[in-house]
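A.B. asks: Below: one structure in structure tokens.
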Amino acid sequence: MKFVSSYEPGEYEPEIYAAWETADEFLPGGKVGADEKLYDNKPSNDPTHYSIVMPPPNANGNLHIGHGLTIAIEDSLTRYHRLRGDMTWYIPGADHAGFETWVVYERVLEAQGHTRFEYSRDELYAQVWNFVEEQRGNMELQVRALGASCSWKDLTFTLDENVVRRVYATFEKMWQDGMIYRGEKLVNYCPKHQTAFADIEVDHKDEKGKLWDIAYPVVDSDQEIIVSTTRPETLFGDVAVAVNPEDNRYKDLVGKKVQLPLTDREIPIIADEHADMEYGTGAVKITPAHDYDDYEVGERHNLPRIRVIGDDGAMLENCGPEFAGLTTADCRKKALQALKDAELLRGEKEIVHSVAHCYKCGTVIEPTLKEQWFVDVKKLAKTAIKHLEADEIKFFPTSKKRVLINYLEGLKDWNISRQIPWGIAIPMFRNVNTGEWIFDTRTNLSEIEIHGERYVRDEDTFDTWFSSSHWPIVCTNWEEGQKNPYYPLNVMETGADILFAWVARMIMMGLYVTKEVPFKEVYLHGLVLDAHGQKMSKSKGNVLNPLDMVAKYGSDAFRMGILRGRSAGMNQAFSEQSVVSGRNLCNKLWNVARFIQSIVDEGQDSSNSAEPSTDNVGEDWICREINEARWQIESQMKGYRFAEAVETMHSLIWDKYADWFVETEKIYKNIPLLKSTLESILKMLHPFAPFVTEAIWQNLSWTDGLLIAERWPKDYKYDPISAENYDKLMDVVTHTRSTIQALSEADKHFSRNDVVLLYGDDSIVDDNQLLVQHLTRVSSVISTEGQPRGLRLALANHEVYLDVSQDIVAKYAESLDNKILAVGRELDALNLRMMNPNYVDKAPAELVEETRKLIAEKEALIERLKLERQAI
RNA sequence: GGGUCGCUAGCUCAGUUGGCUAGAGCGUCUCGUUUACACCGAGAAGGUCGGGGGUUCGAGCCCCUCGCGACCCACCA
């Protein structure tokens, strides 16, 4: 490798990643620690352990921008802790993504002219397995391109044998604890995918619809009761009409029966609070098999449940020959017409109501009565709340903890069975004679025999989240009774959008299985929105591919760019400009390193230790600044303030190191300090920009080994007085530069190239003439020797003049006036503060003292400025 | 109905127990080519911190209230 004038990420990234990986640096403890057994009871030297898991990306998918953010965050944490010397374990994963993958595969089948119904469940499982197998590896390559320093040999796939074993063990325990039940309940059913969903997987959207009023004749009477409904087609499943017990209009009718139109059934009129007197006619038809509220009404009144819509979304036989087999939409039309013909349709009005949709295909969810496996979540949720309230998990952002508790408090039982072949088979078998269910893990068989009895396996698979909720447990190989320094995880980093679906369930499951919370801290990132703050979606066409960004600007630039301006839990726009800024920073650092290398190449190899020399106060200053930045990074990483950490490094490298320190070294070439400070900066930036820092490390002539395996820098020793003197010197330099610029703007003939800087009683300038001259680019810096002349700079603690003619100074008068006014305003504000006796009494003494000092300085400054002005 | 978050420079966002002149990146304007870097250097402009009220010596930050925006949960016959 060789230093060329600009950094080309594409030329370095692949081989650098390969070098890290082949050197086993991603293993906990790196190459050195690789032999240590991860689960050993006594790790050598008792190091600090740091564990973090990757939320498993879909094994057969491509990474999206959210994964890019995920990896930028997680890998920064990982590399930071590795540099700090922790036994750091970043565990990668791949998700079989049950339903997601199934949807993709169903499309593949469709494209081939086949359907799922041509194959058995087991055949389909095998087909999808092969399909995923072919696609796998793609995702992993992308994770590598983003620089994730995860321990690949520990990659966990959600269908791995140990995952299945653990999931079955938990399920068995729950079964024995009576927390699993099979119930015929209403489930969110997608007729297109023909599977049930958990509540959380359903999208509710407000839609325009119609509310129809339908008359139900009262039996043995000429009265009728008019019900309001948005779903006339479910009329065939009605089992009652409910009115509010307080509703005087219908009091007399309660207990009577109505003739259910279009059928020959009679159903009762019941009193139930569910009926809202204000809504519609105040009378509501009850269809327990197709509506959640009605289901509950049915429970309360012991009503039958009549299913009228089939698994395929078509009306069942019991709707009568006229309606059976129709789609719900057709049936609605036909039923309405029939009601109209019978003069029972009494009204129709437009309303807006919320309709449930399949989150994947958008099909309207049909609440359907089905036999499903449920987890009784009461105890799980209660335990989780207890531990959350005891603050055993720290949340970033903190507000999400309350949100989570709020959710857990209202949690309903969890439907864990899915009618799709791709997933972990539910290990339950039903006795073909008695119907009794038994637990058995031989799910590779569809039928088993025990004591001469035949049992048939349930064909359903687990909800993906049921297995994913074991993620921290399975990734760290947690086993009962064994000490595991990596469990609980130090942090769970994931998207705020899956707080309920995943984080909540990991906490419940972790506590249930291990009796411990599964992680100590949770960091939730928000959505990455497009440049205009819009959610990215395929239909909007505003999706950005992180790998495109990597190809265009480099992995480091992407990582720093996406971290910029981002804070916990917030949905934030993605800015390509930030990526450009990251790219520029990489290039800046590259060139700084290139320059330092050239000094090292030319210079004498002195054997001095890396310390500030006495002749360059800038060296003390940069040591102070590096120390300061390091402490900041440490605190920012602890608080997950990545954007600030990136900014700290940006400012250290660009505004401080390159602009103010490296410039001084063009005069004073302290090679040991240059080497050492550059190394420190490389280490400090490495968590965020792993590739460019390693590329530089490899290019430098004096470094050995890999940067990834280095240790975090220590404090520099420096002279604080010298460092402060450099601050003051910077003041002089900045003022000189801006005054020269102002003069040249005031007078077009002013030549800025041969300005002489004069100084009077000013030891800082006197001691650092060379530096001042170099940094200000004046032609010379000389003492006034008691004969002040020219334009005195507006600096409180310095006596510095620009040696220019009175002509030029006169042209500068206006900006001098402005300056006098500005300082006057500041002075007024300060004086006002001091005139408040309460401030003097109550504010901290050092603050008051500080104010006094400032007033004195400003007063002196304004005096001098006024004198200056009079002289013109 | 229950809950959460946001409103700070033209844009995207920082601002951690309340404390000096409110910051960054990008953008804008002016000037420039020096032992690395035009993916550059120097300088500058730009903010009544959503409105109002309160607490305080002191509020971007704490409390109340109003407005605007986003989101989550429940419900919507």
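Each chain in the structure tokens gets a letter, A, B and so on, in the order shown; residues start at 1 in every chain, and ligands are counted from 1 in the order they appear.
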Would you give me, as a PyMOL selection string, the residues of chain B that come within 7 Å of chain A, using only C-alpha atoms (C1' of nucleotides)?
C.D. replies: chain B and resi 3-4+12-14+25-26+35-37+39+43+57+76-77
A.B. asks: Give me, as a PyMOL selection string, all polymer residues having an atom no more than 8 Å from Phe197 of chain A, counting only C-alpha atoms (C1' of nucleotides) and skipping those fewer than 6 positions away in the same chain.
C.D. replies: chain A and resi 187-190+415+418
A.B. asks: If I take atom CA of Phe688 of chain A and atom CA of Arg559 of chain A, how far is one from the other in Å, to one decimal?
C.D. replies: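 According to the coordinates, atom CA of Phe688 of chain A and atom CA of Arg559 of chain A are separated by 6.6 Å.
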A.B. asks: For Ile73 of chain A, work out the shell of residues within 12 Å, counting only C-alpha atoms (C1' of nucleotides) and skipping chain neighbours fewer than 5 positions away, then give it as number ranges by chain.
C.D. replies: A: 52-54, 66-68, 78-80, 90, 146-149, 491-495, 523-526, 558-564, 566-568, 637, 640-643, 645-646, 687-689
A.B. asks: So which residues of segment 523-629 of chain A fall under strand (DSSP E or B) by DSSP, listed as a PyMOL selection string?
C.D. replies: chain A and resi 523-525+528-529+572-573
A.B. asks: For the residues in that selection, give me N, CA, C and O atoms as a PDB file, in the first residue's frame.
C.D. replies:
```
ATOM      1  N   TYR A 523     -30.634   0.178  23.691  1.00  0.00           N
ATOM      2  CA  TYR A 523     -30.543   1.396  22.882  1.00  0.00           C
ATOM      3  C   TYR A 523     -31.449   1.198  21.678  1.00  0.00           C
ATOM      4  O   TYR A 523     -31.309   0.230  20.939  1.00  0.00           O
ATOM      5  N   LEU A 524     -32.384   2.114  21.515  1.00  0.00           N
ATOM      6  CA  LEU A 524     -33.318   2.001  20.397  1.00  0.00           C
ATOM      7  C   LEU A 524     -33.064   3.123  19.403  1.00  0.00           C
ATOM      8  O   LEU A 524     -33.054   4.296  19.780  1.00  0.00           O
ATOM      9  N   HIS A 525     -32.819   2.745  18.172  1.00  0.00           N
ATOM     10  CA  HIS A 525     -32.665   3.780  17.152  1.00  0.00           C
ATOM     11  C   HIS A 525     -33.987   3.994  16.427  1.00  0.00           C
ATOM     12  O   HIS A 525     -34.837   3.114  16.397  1.00  0.00           O
ATOM     13  N   VAL A 528     -34.758   5.519   9.707  1.00  0.00           N
ATOM     14  CA  VAL A 528     -33.996   6.382   8.819  1.00  0.00           C
ATOM     15  C   VAL A 528     -34.961   6.843   7.723  1.00  0.00           C
ATOM     16  O   VAL A 528     -35.440   6.040   6.935  1.00  0.00           O
ATOM     17  N   LEU A 529     -35.265   8.129   7.735  1.00  0.00           N
ATOM     18  CA  LEU A 529     -36.203   8.667   6.755  1.00  0.00           C
ATOM     19  C   LEU A 529     -35.435   9.187   5.544  1.00  0.00           C
ATOM     20  O   LEU A 529     -34.217   9.340   5.595  1.00  0.00           O
ATOM     21  N   GLN A 572     -35.164  10.062  11.941  1.00  0.00           N
ATOM     22  CA  GLN A 572     -34.433  11.184  11.388  1.00  0.00           C
ATOM     23  C   GLN A 572     -34.113  11.003   9.918  1.00  0.00           C
ATOM     24  O   GLN A 572     -33.917   9.893   9.452  1.00  0.00           O
ATOM     25  N   ALA A 573     -34.061  12.113   9.241  1.00  0.00           N
ATOM     26  CA  ALA A 573     -33.801  12.083   7.807  1.00  0.00           C
ATOM     27  C   ALA A 573     -32.363  11.675   7.546  1.00  0.00           C
ATOM     28  O   ALA A 573     -31.464  11.981   8.319  1.00  0.00           O
TER      29      ALA A 573
END
```
A.B. asks: Between A:His301, A:Arg789, A:His49, A:Arg82, which has the minimum distance to Cys150 of chain A (counting only C-alpha atoms)?
C.D. replies: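 The closest residue to Cys150 of chain A is A:Arg82.
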A.B. asks: Within 8 Å of Cys331 of chain A, counting only C-alpha atoms (C1' of nucleotides), which residues qualify if same-chain residues fewer than 6 places away don't, as a ChimeraX atom specification?
C.D. replies: /A:233,315,323
A.B. asks: Report as a VMD selection string: the residues of segment 40-191 of chain A with a DSSP assignment of alpha helix (DSSP H), based on the backbone of this structure.
C.D. replies: chain A and resid 65 to 83 98 to 111 121 to 135 138 to 145 161 to 176
